$ cat data18.csv   # CSV, C-alpha atoms and all ligand atoms
chain,number,residue,atom,x,y,z
A,352,MET,CA,109.3,142.5,131.3
A,353,ALA,CA,109.3,142.8,127.5
A,354,VAL,CA,112.2,141.3,125.5
A,355,ASN,CA,115.0,143.8,125.2
A,356,ALA,CA,117.4,144.6,122.3
A,357,ALA,CA,120.3,142.6,123.8
A,358,GLU,CA,118.0,139.5,124.1
A,359,ARG,CA,116.7,139.9,120.6
A,360,THR,CA,120.3,140.0,119.3
A,361,ALA,CA,121.1,137.0,121.4
A,362,MET,CA,118.1,135.1,119.9
A,363,ASP,CA,119.5,135.8,116.4
A,364,ARG,CA,122.8,134.4,117.6
A,365,ALA,CA,121.1,131.4,119.2
A,366,LEU,CA,119.3,130.6,116.0
A,367,HIS,CA,122.6,130.8,114.1
A,368,LEU,CA,124.3,128.5,116.7
A,369,ALA,CA,121.3,126.0,116.5
A,370,ALA,CA,121.9,125.5,112.8
A,371,ARG,CA,125.4,124.2,113.6
A,372,GLY,CA,123.8,121.1,115.2
A,373,PRO,CA,123.0,118.0,113.1
A,374,ARG,CA,119.5,117.4,111.8
A,375,GLY,CA,118.4,114.1,113.3
A,376,ALA,CA,116.5,112.4,116.1
A,377,ASN,CA,116.8,115.6,118.3
A,378,PRO,CA,115.9,119.2,117.3
A,379,GLN,CA,118.6,121.8,116.5
A,380,VAL,CA,118.7,124.2,119.4
A,381,GLY,CA,120.9,127.1,120.3
A,382,ALA,CA,121.4,129.1,123.6
A,383,VAL,CA,123.1,132.3,124.7
A,384,ILE,CA,123.6,133.3,128.4
A,385,LEU,CA,123.6,137.0,129.0
A,386,SER,CA,124.7,138.9,132.1
A,387,PRO,CA,122.2,141.3,133.7
A,388,ASP,CA,123.8,144.2,131.7
A,389,GLY,CA,123.4,142.3,128.4
A,390,THR,CA,126.9,141.0,127.9
A,391,VAL,CA,127.3,137.6,126.3
A,392,LEU,CA,128.7,135.2,129.0
A,393,ALA,CA,128.5,131.9,127.1
A,394,GLU,CA,127.0,130.2,124.0
A,395,GLY,CA,126.0,126.7,123.3
A,396,TRP,CA,124.1,124.4,120.9
A,397,HIS,CA,122.9,120.9,120.8
A,398,HIS,CA,125.4,118.6,119.1
A,399,GLY,CA,123.1,115.6,118.6
A,400,ALA,CA,121.2,112.9,120.5
A,401,GLY,CA,122.8,111.8,123.7
A,402,THR,CA,124.9,115.0,124.1
A,403,PRO,CA,124.1,117.9,126.4
A,404,HIS,CA,121.2,120.1,125.4
A,405,ALA,CA,122.0,123.7,124.2
A,406,GLU,CA,121.4,125.4,127.6
A,407,VAL,CA,123.6,122.9,129.5
A,408,ASP,CA,126.3,123.2,126.8
A,409,ALA,CA,126.3,126.9,127.4
A,410,LEU,CA,126.2,126.7,131.2
A,411,SER,CA,129.1,124.2,131.1
A,412,LYS,CA,131.4,127.0,129.8
A,413,LEU,CA,130.8,129.1,133.0
A,414,ALA,CA,132.5,128.9,136.3
A,415,PRO,CA,130.2,128.0,139.3
A,416,GLY,CA,128.1,131.0,140.3
A,417,GLU,CA,128.9,132.9,137.1
A,418,ALA,CA,125.3,132.4,135.8
A,419,GLU,CA,123.8,133.8,139.0
A,420,GLY,CA,121.1,136.4,138.0
A,421,ALA,CA,121.8,135.9,134.3
A,422,THR,CA,119.4,135.5,131.4
A,423,ALA,CA,119.2,132.4,129.2
A,424,VAL,CA,118.1,133.0,125.6
A,425,VAL,CA,117.1,129.7,123.9
A,426,THR,CA,115.5,128.8,120.6
A,427,LEU,CA,113.3,126.0,122.2
A,428,GLU,CA,111.5,125.8,125.5
A,429,PRO,CA,113.9,124.3,128.1
A,430,CYS,CA,112.9,120.6,128.5
A,431,ASN,CA,111.4,119.2,131.7
A,432,HIS,CA,112.2,115.6,131.6
A,433,THR,CA,115.1,113.2,132.2
A,434,GLY,CA,116.1,111.4,129.1
A,435,ARG,CA,119.7,110.6,128.3
A,436,THR,CA,120.4,114.0,129.9
A,437,GLY,CA,118.7,115.7,132.9
A,438,PRO,CA,115.9,118.3,132.6
A,439,CYS,CA,117.3,121.6,131.3
A,440,ALA,CA,114.8,123.6,133.4
A,441,VAL,CA,116.4,122.2,136.5
A,442,ALA,CA,119.9,122.9,135.3
A,443,LEU,CA,119.0,126.5,134.7
A,444,ILE,CA,117.3,126.9,138.1
A,445,GLU,CA,120.3,125.3,139.9
A,446,ALA,CA,122.7,127.6,138.0
A,447,GLY,CA,120.8,130.6,139.4
A,448,ILE,CA,119.4,131.9,136.1
A,449,SER,CA,116.8,134.5,136.9
A,450,ARG,CA,115.2,135.0,133.4
A,451,VAL,CA,114.6,132.8,130.4
A,452,VAL,CA,113.6,134.0,126.9
A,453,TYR,CA,112.7,131.3,124.4
A,454,ALA,CA,111.3,131.1,120.9
A,455,LEU,CA,109.2,128.0,120.5
A,456,ASP,CA,107.1,125.8,123.0
A,457,ASP,CA,108.4,122.3,123.3
A,458,PRO,CA,105.7,120.1,121.6
A,459,GLY,CA,106.8,116.9,123.3
A,460,ALA,CA,104.1,115.5,125.7
A,461,VAL,CA,106.8,114.3,128.0
A,462,SER,CA,109.5,116.9,127.6
A,463,GLY,CA,107.2,120.0,127.6
A,464,GLY,CA,106.3,122.0,130.7
A,465,GLY,CA,109.8,123.4,131.3
A,466,ALA,CA,108.4,127.0,131.3
A,467,GLU,CA,106.0,126.2,134.0
A,468,ARG,CA,108.7,124.5,136.1
A,469,LEU,CA,110.9,127.6,135.7
A,470,ARG,CA,108.1,130.0,136.7
A,471,THR,CA,107.2,127.9,139.8
A,472,ALA,CA,110.9,128.2,140.8
A,473,GLY,CA,110.6,132.0,140.5
A,474,VAL,CA,112.4,132.4,137.2
A,475,GLU,CA,110.9,135.1,134.8
A,476,VAL,CA,110.0,133.5,131.5
A,477,GLU,CA,109.2,135.1,128.1
A,478,SER,CA,108.2,132.9,125.1
A,479,GLY,CA,107.5,133.5,121.4
A,480,GLU,CA,110.6,135.6,120.6
A,481,GLN,CA,111.3,134.9,116.9
A,482,ALA,CA,109.1,131.9,117.0
A,483,ASP,CA,108.6,131.8,113.2
A,484,ALA,CA,112.4,131.6,112.5
A,485,ALA,CA,112.8,128.9,115.1
A,486,HIS,CA,109.9,127.0,113.7
A,487,ALA,CA,111.3,127.2,110.1
A,488,LEU,CA,114.7,125.9,111.4
A,489,ILE,CA,113.2,122.7,112.9
A,490,ALA,CA,110.0,122.3,110.8
A,491,GLY,CA,111.0,118.8,109.6
A,492,TRP,CA,111.7,117.7,113.2
A,493,LEU,CA,108.4,119.1,114.4
A,494,THR,CA,106.4,117.3,111.7
A,495,ALA,CA,108.2,114.0,112.4
A,496,GLN,CA,107.4,114.5,116.1
A,497,ARG,CA,103.7,115.1,115.4
A,498,LEU,CA,103.4,112.1,113.0
A,499,GLY,CA,105.6,109.8,115.0
A,500,ARG,CA,107.4,108.9,111.8
A,501,PRO,CA,109.1,110.8,108.9
A,502,HIS,CA,107.0,112.9,106.6
A,503,ILE,CA,106.5,110.8,103.4
A,504,THR,CA,106.2,112.0,99.8
A,505,VAL,CA,105.3,109.5,97.1
A,506,LYS,CA,106.3,110.6,93.7
A,507,TRP,CA,105.9,109.1,90.2
A,508,ALA,CA,106.1,110.1,86.6
A,509,GLN,CA,103.2,109.0,84.3
A,510,SER,CA,102.0,109.3,80.8
A,511,LEU,CA,98.8,111.2,80.1
A,512,ASP,CA,97.1,107.8,80.0
A,513,GLY,CA,98.3,106.9,83.5
A,514,ARG,CA,101.2,104.5,82.7
A,515,ALA,CA,104.5,104.5,84.6
A,516,ALA,CA,106.4,102.5,82.0
A,517,ALA,CA,106.1,101.2,78.5
A,518,ASP,CA,104.9,97.6,78.1
A,519,ASP,CA,108.5,96.2,78.1
A,520,GLY,CA,109.2,98.0,81.5
A,521,SER,CA,111.3,100.8,80.1
A,522,SER,CA,110.5,104.2,81.6
A,523,ARG,CA,113.4,106.5,80.9
A,524,TRP,CA,112.3,109.1,80.2
A,525,ILE,CA,108.6,109.7,80.4
A,526,THR,CA,109.0,113.3,81.4
A,527,GLY,CA,111.2,116.1,80.0
A,528,SER,CA,114.3,117.7,81.5
A,529,ALA,CA,112.5,120.5,83.5
A,530,ALA,CA,110.5,117.8,85.4
A,531,ARG,CA,113.6,115.7,86.0
A,532,THR,CA,115.5,118.8,87.3
A,533,ASP,CA,112.6,119.5,89.7
A,534,VAL,CA,112.8,115.9,91.0
A,535,HIS,CA,116.5,116.3,91.7
A,536,HIS,CA,115.9,119.5,93.7
A,537,ARG,CA,113.2,117.7,95.8
A,538,ARG,CA,115.5,114.7,96.3
A,539,ALA,CA,118.2,117.0,97.6
A,540,ALA,CA,115.7,118.4,100.2
A,541,ALA,CA,114.8,114.9,101.5
A,542,ASP,CA,116.6,112.9,104.2
A,543,ALA,CA,116.0,109.6,102.5
A,544,ILE,CA,115.1,108.4,99.0
A,545,VAL,CA,113.2,105.1,98.9
A,546,VAL,CA,112.7,102.5,96.1
A,547,GLY,CA,111.6,98.9,95.9
A,548,THR,CA,113.8,96.0,94.7
A,549,GLY,CA,111.7,96.0,91.5
A,550,THR,CA,113.1,99.4,90.5
A,551,VAL,CA,116.7,98.5,91.5
A,552,LEU,CA,116.5,95.3,89.4
A,553,SER,CA,114.9,96.9,86.3
A,554,ASP,CA,116.5,100.4,86.2
A,555,ASP,CA,119.7,100.2,88.4
A,556,PRO,CA,119.2,103.8,89.5
A,557,ALA,CA,122.0,105.8,91.2
A,558,LEU,CA,119.5,107.5,93.6
A,559,THR,CA,121.7,110.6,93.9
A,560,ALA,CA,120.5,114.2,93.8
A,561,ARG,CA,122.2,115.8,90.8
A,562,ASP,CA,122.4,119.3,89.3
A,563,GLY,CA,123.4,118.3,85.7
A,564,ASP,CA,126.4,116.1,86.2
A,565,ALA,CA,127.3,117.5,89.6
A,566,LEU,CA,126.1,116.1,92.9
A,567,HIS,CA,124.0,118.3,95.1
A,568,PRO,CA,125.9,119.0,98.4
A,569,HIS,CA,123.1,117.2,100.4
A,570,GLN,CA,122.5,113.6,99.4
A,571,PRO,CA,119.5,111.7,100.7
A,572,ILE,CA,120.2,108.2,102.2
A,573,PRO,CA,119.2,105.6,99.6
A,574,VAL,CA,116.8,103.1,101.0
A,575,ILE,CA,115.8,99.8,99.2
A,576,ILE,CA,112.8,97.8,100.4
A,577,GLY,CA,112.0,94.3,99.4
A,578,THR,CA,113.0,90.7,100.0
A,579,ARG,CA,115.0,90.1,96.8
A,580,PRO,CA,118.8,90.8,97.1
A,581,THR,CA,120.3,93.8,95.4
A,582,PRO,CA,123.2,92.8,93.0
A,583,ALA,CA,126.7,93.6,94.3
A,584,ALA,CA,127.3,95.6,91.2
A,585,ALA,CA,124.2,97.8,91.6
A,586,ALA,CA,124.8,101.6,91.1
A,587,VAL,CA,123.3,102.3,94.5
A,588,HIS,CA,126.4,100.8,96.2
A,589,ARG,CA,128.4,103.7,94.7
A,590,HIS,CA,126.1,106.3,96.4
A,591,PRO,CA,128.0,108.8,98.6
A,592,GLN,CA,125.7,107.8,101.5
A,593,THR,CA,125.7,104.2,102.7
A,594,PRO,CA,122.5,102.6,101.5
A,595,LEU,CA,120.0,101.0,103.9
A,596,PHE,CA,118.4,97.7,102.8
A,597,PHE,CA,115.2,96.5,104.4
A,598,ASP,CA,114.5,92.8,103.7
A,599,THR,CA,110.8,93.2,104.4
A,600,ARG,CA,107.5,94.5,103.0
A,601,ASP,CA,106.4,96.0,106.3
A,602,LEU,CA,106.3,99.7,105.5
A,603,HIS,CA,105.2,100.8,108.9
A,604,ALA,CA,108.3,99.0,110.4
A,605,VAL,CA,110.6,100.7,107.8
A,606,ALA,CA,109.0,104.1,108.7
A,607,ALA,CA,109.6,103.5,112.4
A,608,ASP,CA,113.2,102.4,111.8
A,609,LEU,CA,113.9,105.5,109.7
A,610,HIS,CA,112.3,107.7,112.3
A,611,ALA,CA,114.5,106.2,115.0
A,612,ARG,CA,117.6,107.0,112.9
A,613,GLY,CA,116.5,110.7,112.8
A,614,VAL,CA,115.2,110.6,109.2
A,615,GLN,CA,112.5,113.4,109.1
A,616,SER,CA,111.5,113.4,105.4
A,617,VAL,CA,111.3,110.5,102.9
A,618,PHE,CA,111.0,110.7,99.1
A,619,VAL,CA,109.5,107.5,97.7
A,620,GLU,CA,110.5,107.0,94.1
A,621,GLY,CA,109.7,103.3,93.7
A,622,GLY,CA,107.8,101.8,90.9
A,623,PRO,CA,104.0,101.3,90.9
A,624,THR,CA,104.1,98.4,93.4
A,625,LEU,CA,105.8,100.3,96.2
A,626,ALA,CA,104.1,103.6,95.5
A,627,SER,CA,100.7,101.8,95.7
A,628,ALA,CA,101.8,100.0,98.9
A,629,PHE,CA,102.7,103.3,100.6
A,630,ILE,CA,99.3,104.8,99.6
A,631,ALA,CA,97.4,101.6,100.7
A,632,ALA,CA,99.2,101.7,104.1
A,633,GLY,CA,98.1,105.3,104.7
A,634,LEU,CA,101.8,106.3,104.5
A,635,ALA,CA,101.6,109.0,101.9
A,636,ASP,CA,101.5,112.6,103.3
A,637,ARG,CA,102.1,114.1,99.9
A,638,VAL,CA,101.7,112.9,96.4
A,639,LEU,CA,103.7,114.2,93.4
A,640,ALA,CA,102.5,113.1,90.0
A,641,TYR,CA,104.5,114.3,87.1
A,642,ILE,CA,102.2,114.0,84.1
A,643,ALA,CA,103.8,114.0,80.6
A,644,PRO,CA,101.9,114.5,77.3
A,645,VAL,CA,102.7,111.1,76.0
A,646,LEU,CA,100.6,107.9,75.5
A,647,LEU,CA,102.0,104.5,76.4
A,648,GLY,CA,99.0,102.2,76.7
A,649,GLY,CA,99.7,98.6,78.0
A,650,ARG,CA,99.7,97.1,81.4
A,651,ARG,CA,102.2,99.2,83.4
A,652,LEU,CA,99.8,101.5,85.3
A,653,ALA,CA,101.2,104.2,87.5
A,654,LEU,CA,99.4,102.7,90.5
A,655,THR,CA,98.2,99.1,91.1
A,656,GLU,CA,96.4,97.9,94.2
A,657,ILE,CA,95.6,100.7,96.6
A,658,GLY,CA,92.6,99.1,98.4
A,659,VAL,CA,89.9,100.9,96.3
A,660,GLY,CA,87.2,98.4,95.3
A,661,SER,CA,84.5,100.8,94.3
A,662,ILE,CA,84.1,104.5,93.6
A,663,GLY,CA,82.9,105.3,97.1
A,664,GLU,CA,86.3,104.1,98.4
A,665,ALA,CA,88.3,106.4,96.1
A,666,ARG,CA,91.2,108.1,97.7
A,667,ARG,CA,90.4,111.8,97.2
A,668,LEU,CA,93.2,114.3,97.1
A,669,VAL,CA,93.5,118.0,97.6
A,670,VAL,CA,95.8,119.6,95.0
A,671,ASP,CA,98.0,122.2,96.7
A,672,GLU,CA,99.7,123.2,93.4
A,673,TRP,CA,99.6,122.5,89.7
A,674,VAL,CA,103.2,123.3,88.5
A,675,PRO,CA,103.9,123.6,84.7
A,676,LEU,CA,107.4,122.1,83.9
A,677,GLY,CA,108.2,122.5,80.3
A,678,GLU,CA,105.7,120.3,78.4
A,679,ASP,CA,104.8,118.4,81.6
A,680,LEU,CA,102.6,119.2,84.5
A,681,LEU,CA,103.2,118.4,88.2
A,682,ALA,CA,100.4,117.9,90.6
A,683,VAL,CA,101.4,118.4,94.3
A,684,ALA,CA,98.6,117.0,96.4
A,685,HIS,CA,97.8,115.6,99.8
A,686,PRO,CA,95.1,113.1,100.9
A,687,ALA,CA,91.7,114.9,101.5
A,688,ASP,CA,91.1,112.9,104.6
A,689,ALA,CA,94.5,113.5,106.2
A,690,ALA,CA,94.2,114.9,109.7
A,691,ASP,CA,95.8,118.3,109.8
A,692,PRO,CA,99.3,117.3,111.1
A,693,ALA,CA,99.6,120.7,112.8
A,694,GLN,CA,96.7,119.7,115.2
A,695,THR,CA,98.0,116.2,116.0
A,696,THR,CA,100.4,115.8,118.8
A,697,ASN,CA,102.1,112.4,119.0
A,698,PRO,CA,101.5,111.1,122.5
A,699,GLN,CA,104.7,109.0,122.3
A,700,SER,CA,106.7,112.1,121.6
A,701,GLU,CA,109.4,112.8,124.1
A,702,GLY,CA,110.6,115.9,122.4
A,703,ALA,CA,114.3,116.5,122.8
A,704,ALA,CA,115.7,113.3,124.3
B,1,LIG,N1,107.4,106.2,86.2
B,1,LIG,C1,108.0,106.2,87.4
B,1,LIG,O1,107.9,107.2,88.1
B,1,LIG,C2,108.8,105.0,87.8
B,1,LIG,C3,109.6,105.0,88.9
B,1,LIG,C4,110.3,103.9,89.3
B,1,LIG,C5,110.2,102.8,88.5
B,1,LIG,N2,109.4,102.7,87.4
B,1,LIG,C6,109.2,101.6,86.6
B,1,LIG,O2,108.5,100.6,87.4
B,1,LIG,C7,108.9,99.3,87.1
B,1,LIG,C8,109.3,98.6,88.3
B,1,LIG,O3,108.1,98.5,89.1
B,1,LIG,P1,108.0,97.7,90.5
B,1,LIG,O4,106.6,98.0,90.9
B,1,LIG,O5,108.4,96.3,90.3
B,1,LIG,O6,109.1,98.5,91.4
B,1,LIG,P2,109.1,98.9,92.9
B,1,LIG,O7,107.7,99.3,93.3
B,1,LIG,O8,110.2,99.8,93.1
B,1,LIG,O9,109.5,97.5,93.6
B,1,LIG,C9,108.5,96.5,93.8
B,1,LIG,C10,109.0,95.6,94.9
B,1,LIG,O10,109.0,96.3,96.2
B,1,LIG,C11,109.1,95.4,97.2
B,1,LIG,N3,108.2,95.8,98.3
B,1,LIG,C12,108.6,96.3,99.4
B,1,LIG,N4,107.5,96.6,100.2
B,1,LIG,C13,106.4,96.2,99.6
B,1,LIG,C14,105.1,96.1,99.9
B,1,LIG,N5,104.6,96.6,101.1
B,1,LIG,N6,104.2,95.6,99.0
B,1,LIG,C15,104.7,95.1,97.8
B,1,LIG,N7,106.0,95.1,97.5
B,1,LIG,C16,106.9,95.6,98.3
B,1,LIG,C17,108.8,94.0,96.6
B,1,LIG,O11,110.0,93.4,96.4
B,1,LIG,P3,110.4,91.9,96.8
B,1,LIG,O12,109.6,91.1,95.8
B,1,LIG,O13,111.8,91.8,96.6
B,1,LIG,O14,109.9,91.6,98.2
B,1,LIG,C18,108.2,94.4,95.3
B,1,LIG,O15,108.3,93.4,94.3
B,1,LIG,C19,110.0,99.4,86.0
B,1,LIG,O16,109.5,99.3,84.8
B,1,LIG,C20,110.5,100.9,86.2
B,1,LIG,O17,111.1,101.4,85.1
B,1,LIG,C21,108.7,103.8,87.0
$ encode --input "data18.csv" --output "C-alpha cells"
Amino acid sequence: MAVNAAERTAMDRALHLAARGPRGANPQVGAVILSPDGTVLAEGWHHGAGTPHAEVDALSKLAPGEAEGATAVVTLEPCNHTGRTGPCAVALIEAGISRVVYALDDPGAVSGGGAERLRTAGVEVESGEQADAAHALIAGWLTAQRLGRPHITVKWAQSLDGRAAADDGSSRWITGSAARTDVHHRRAAADAIVVGTGTVLSDDPALTARDGDALHPHQPIPVIIGTRPTPAAAAVHRHPQTPLFFDTRDLHAVAADLHARGVQSVFVEGGPTLASAFIAAGLADRVLAYIAPVLLGGRRLALTEIGVGSIGEARRLVVDEWVPLGEDLLAVAHPADAADPAQTTNPQSEGAA
C-alpha cells in the first residue's frame, strides 16, 4: 500500500522530532505512531546513546494494547540488534504494530535487517519516504559510520610560494579577511578543531568559531595533539568547550577516540607538521588550501614530510571547487585515490547502538 497523506505528514513531524536529539555516537531519529485512521497516538525521538531508540520512546507513551494495528512512521529503519537497548523491530512486533513506514535504510552491518525481520513477522513495510531529508539530517553520522572514524578536513593558509609562515614563525595574517571569515564558518560547522602543540606554543590560538567579535552559537571542541604540555595560561583553556589534550603522536588512535566520543567531523588547523602527519597517515578526506598573493620565501613550507620521495608517489588531488575570497583563492580538494566513501560500508559499524 502506498504511503498516504497522514503518513507523509507524520514523517515531516518525525524528522522535526529527530532534530531534537543530540548529534553524537548515535544517529538522530524520530518516530510517530499513527492509529489506523491516521490519528497521532504518540511521538518519540532518540535522546542519545544508551537511551531508548525513537520507536521505543514513542511506544513507551502508550498503554498496553494501544499500538495494536497501528502504523509506526520512523526516519531510520528500525534496528535489528541488541546493543545497550533491545531490537526495535522486535519491540514494534510485540506491540502489535501492523505497518511501518521509514525513510532511510540502516547502514549498520549488525543493526540493519530490521525491515526483513518485520516483514517475516507479517508487518507491512514501506521504505524511502523522504529519504533525502532523512539523509541530510544525519549525513555526518552516516559518513562517520562508513569511515569508522570522523570525516577529516585538513586546512592551511599559504603564500603563493607555498609557505605557511614567515621565517621567524609569524603567520598572522597570510590571508585577508574574506578568507578568515570563511574559515570561521567552516569551523562552526565542525564538531572538533585540531591543532598540534607547535601551534599552541607559537600562536596561542583561541580555537573558537567567531563572527566578527561574536562567538558562533556552535563551537567545535578544541583538540590539542602532541607530547609537550600546554601552558596553564593558554587561550584554549578559556574556550567555551572543554579542550581535549592528546599526549601522543598516534593520529589513528586520536581519530578512534574522537569517533567513540561521537565526533563526526574534524577540522585540522595545525601547523605544517600536523597537517603533513595527517596527510601522510591517510587521514585527510578533504584538503582546504587558502592561497594568498604574497611571497614569504624561507624555510616554513606549508607541508613538510608527507611520504613522497619521488614524483611517482605524488599525492594527487581532485579539486572540487576553486573559491575566490577577496584577493585570495581557496582550493577545496580530496585525494584522487580516495575510495568513494559512499560505497564503503564499515564492517565494524553497529549502526544505532
Ligand atoms: N599557515 C597556516 O595555516 C598555519 C596554521 C597553524 C600554524 N601555522 C604556523 O605554523 C608554525 C607552527 O608549526 P608546527 O608544525 O610546529 O605546528 P603544529 O603542526 O600545530 O604542531 C606540531 C607538533 O604536533 C605534535 N604532533 C602530534 N602528532 C604528531 C605527529 N603524528 N607527527 C608529528 N608531530 C605531531 C608534535 O608535538 P610534540 O613535539 O609536543 O609531540 C609536533 O611538534 C607557527 O609558525 C604557526 O604560526 C601556520
$ closest_residue --input "data18.csv" --among "A:Ser449, A:Thr422, A:Thr581, A:Thr559" --to "ligand LIG 1 (chain B)" --atoms "all atoms listed in the file"
A:Thr581
$ closest_atom_pairs --input "data18.csv" --of "chain A" --to "ligand LIG 1 (chain B)" --cutoff "6 Å" --atoms "all atoms listed in the file" --output "Markdown table"
| residue | atom | partner | partner_atom | distance |
| --- | --- | --- | --- | --- |
| A:Trp507 | CA | B:LIG1 | O1 | 3.5 |
| A:Ala508 | CA | B:LIG1 | O1 | 3.7 |
| A:Gln509 | CA | B:LIG1 | N1 | 5.4 |
| A:Ala515 | CA | B:LIG1 | N1 | 3.7 |
| A:Ala516 | CA | B:LIG1 | O16 | 5.3 |
| A:Gly520 | CA | B:LIG1 | O16 | 3.6 |
| A:Ser521 | CA | B:LIG1 | O17 | 5.0 |
| A:Ser522 | CA | B:LIG1 | O17 | 4.5 |
| A:Val546 | CA | B:LIG1 | O8 | 4.7 |
| A:Gly547 | CA | B:LIG1 | O8 | 3.3 |
| A:Thr548 | CA | B:LIG1 | O9 | 4.7 |
| A:Gly549 | CA | B:LIG1 | O9 | 3.4 |
| A:Thr550 | CA | B:LIG1 | O8 | 3.9 |
| A:Ser553 | CA | B:LIG1 | C19 | 5.5 |
| A:Asp554 | CA | B:LIG1 | O17 | 5.6 |
| A:Ile576 | CA | B:LIG1 | C12 | 4.6 |
| A:Gly577 | CA | B:LIG1 | O14 | 3.6 |
| A:Thr578 | CA | B:LIG1 | O14 | 3.7 |
| A:Arg579 | CA | B:LIG1 | O13 | 3.6 |
| A:Arg600 | CA | B:LIG1 | N4 | 3.5 |
| A:Asp601 | CA | B:LIG1 | N5 | 5.5 |
| A:Leu602 | CA | B:LIG1 | N5 | 5.6 |
| A:Glu620 | CA | B:LIG1 | C3 | 5.6 |
| A:Gly621 | CA | B:LIG1 | O8 | 3.6 |
| A:Gly622 | CA | B:LIG1 | O7 | 3.5 |
| A:Pro623 | CA | B:LIG1 | O4 | 4.2 |
| A:Thr624 | CA | B:LIG1 | O4 | 3.6 |
| A:Leu625 | CA | B:LIG1 | O7 | 3.6 |
| A:Ala628 | CA | B:LIG1 | N5 | 4.9 |
$ closest_residue --input "data18.csv" --among "A:Leu681, A:Leu646, A:Ala584, A:Ala369" --to "Ser510 in chain A" --atoms "only C-alpha atoms"
A:Leu646
$ residues_around --input "data18.csv" --residues "range 483-496 of chain A" --least-positions-apart "5" --cutoff "7 Å" --atoms "only C-alpha atoms" --output "compact mmCIF listing (two decimals) with C-alpha atoms, keeping the file's coordinate frame"
# COMPACT_ATOMS: atom_id res chain seq x y z
CA LEU A 366 119.30 130.60 116.00
CA PRO A 378 115.90 119.20 117.30
CA GLN A 379 118.60 121.80 116.50
CA THR A 426 115.50 128.80 120.60
CA ALA A 454 111.30 131.10 120.90
CA LEU A 455 109.20 128.00 120.50
CA PRO A 501 109.10 110.80 108.90
CA HIS A 502 107.00 112.90 106.60
CA GLN A 615 112.50 113.40 109.10
CA SER A 616 111.50 113.40 105.40
CA ASN A 697 102.10 112.40 119.00
CA SER A 700 106.70 112.10 121.60
$ residues_around --input "data18.csv" --residues "range 560-571 of chain A" --least-positions-apart "2" --cutoff "8 Å" --atoms "all atoms listed in the file" --output "ChimeraX atom specification"
/A:532,535-536,538-544,558,573,591-592
$ write_last_selection --input "data18.csv" --atoms "C-alpha atoms" --output "PDB file, keeping the file's coordinate frame"
ATOM      1  CA  THR A 532     115.500 118.800  87.300  1.00  0.00           C
ATOM      2  CA  HIS A 535     116.500 116.300  91.700  1.00  0.00           C
ATOM      3  CA  HIS A 536     115.900 119.500  93.700  1.00  0.00           C
ATOM      4  CA  ARG A 538     115.500 114.700  96.300  1.00  0.00           C
ATOM      5  CA  ALA A 539     118.200 117.000  97.600  1.00  0.00           C
ATOM      6  CA  ALA A 540     115.700 118.400 100.200  1.00  0.00           C
ATOM      7  CA  ALA A 541     114.800 114.900 101.500  1.00  0.00           C
ATOM      8  CA  ASP A 542     116.600 112.900 104.200  1.00  0.00           C
ATOM      9  CA  ALA A 543     116.000 109.600 102.500  1.00  0.00           C
ATOM     10  CA  ILE A 544     115.100 108.400  99.000  1.00  0.00           C
ATOM     11  CA  LEU A 558     119.500 107.500  93.600  1.00  0.00           C
ATOM     12  CA  PRO A 573     119.200 105.600  99.600  1.00  0.00           C
ATOM     13  CA  PRO A 591     128.000 108.800  98.600  1.00  0.00           C
ATOM     14  CA  GLN A 592     125.700 107.800 101.500  1.00  0.00           C
TER      15      GLN A 592
END
$ closest_residue --input "data18.csv" --among "A:Pro429, A:Gly401, A:Gly434, A:Pro580" --to "Ala466 in chain A" --atoms "only C-alpha atoms"
A:Pro429
$ residues_around --input "data18.csv" --residues "Ser478 in chain A" --least-positions-apart "5" --cutoff "12 Å" --atoms "all atoms listed in the file" --output "list of chain:residue names"
A:Met352, A:Ala353, A:Val354, A:Glu358, A:Arg359, A:Met362, A:Ala423, A:Val424, A:Val425, A:Thr426, A:Leu427, A:Glu428, A:Pro429, A:Arg450, A:Val451, A:Val452, A:Tyr453, A:Ala454, A:Leu455, A:Asp456, A:Asp457, A:Gly465, A:Ala466, A:Glu467, A:Arg470, A:Asp483, A:Ala485
$ atom_distance --input "data18.csv" --atom1 "CA of Thr433 in chain A" --atom2 "CA of Gly613 in chain A"
19.6 Å
$ atom_distance --input "data18.csv" --atom1 "CA of His397 in chain A" --atom2 "CA of Arg612 in chain A"
16.8 Å
$ atom_distance --input "data18.csv" --atom1 "CA of Gln481 in chain A" --atom2 "CA of Thr402 in chain A"
25.2 Å
$ closest_residue --input "data18.csv" --among "A:Ala400, A:Ala440, A:Ala665, A:Leu392" --to "Gly463 in chain A" --atoms "only C-alpha atoms"
A:Ala440
$ residues_around --input "data18.csv" --residues "Val391 in chain A" --least-positions-apart "3" --cutoff "10 Å" --atoms "only C-alpha atoms" --output "number ranges by chain"
A: 357-358, 361, 383-388, 394, 421-422
$ closest_residue --input "data18.csv" --among "A:Ala529, A:Val534, A:Ala405, A:Ile503" --to "His610 in chain A" --atoms "all atoms listed in the file"
A:Ile503
$ closest_residue --input "data18.csv" --among "A:Lys412, A:Arg523, A:Arg364, A:Arg537" --to "Phe618 in chain A" --atoms "all atoms listed in the file"
A:Arg537
$ residues_near_point --input "data18.csv" --point "(128.1, 120.1, 116.7)" --cutoff "8 Å" --atoms "all atoms listed in the file" --output "JSON, numbers by chain"
{"A": [371, 372, 373, 396, 397, 398, 399]}
$ write_last_selection --input "data18.csv" --atoms "C-alpha atoms" --output "PDB file, in the coordinates of the input"
ATOM      1  CA  ARG A 371     125.400 124.200 113.600  1.00  0.00           C
ATOM      2  CA  GLY A 372     123.800 121.100 115.200  1.00  0.00           C
ATOM      3  CA  PRO A 373     123.000 118.000 113.100  1.00  0.00           C
ATOM      4  CA  TRP A 396     124.100 124.400 120.900  1.00  0.00           C
ATOM      5  CA  HIS A 397     122.900 120.900 120.800  1.00  0.00           C
ATOM      6  CA  HIS A 398     125.400 118.600 119.100  1.00  0.00           C
ATOM      7  CA  GLY A 399     123.100 115.600 118.600  1.00  0.00           C
TER       8      GLY A 399
END
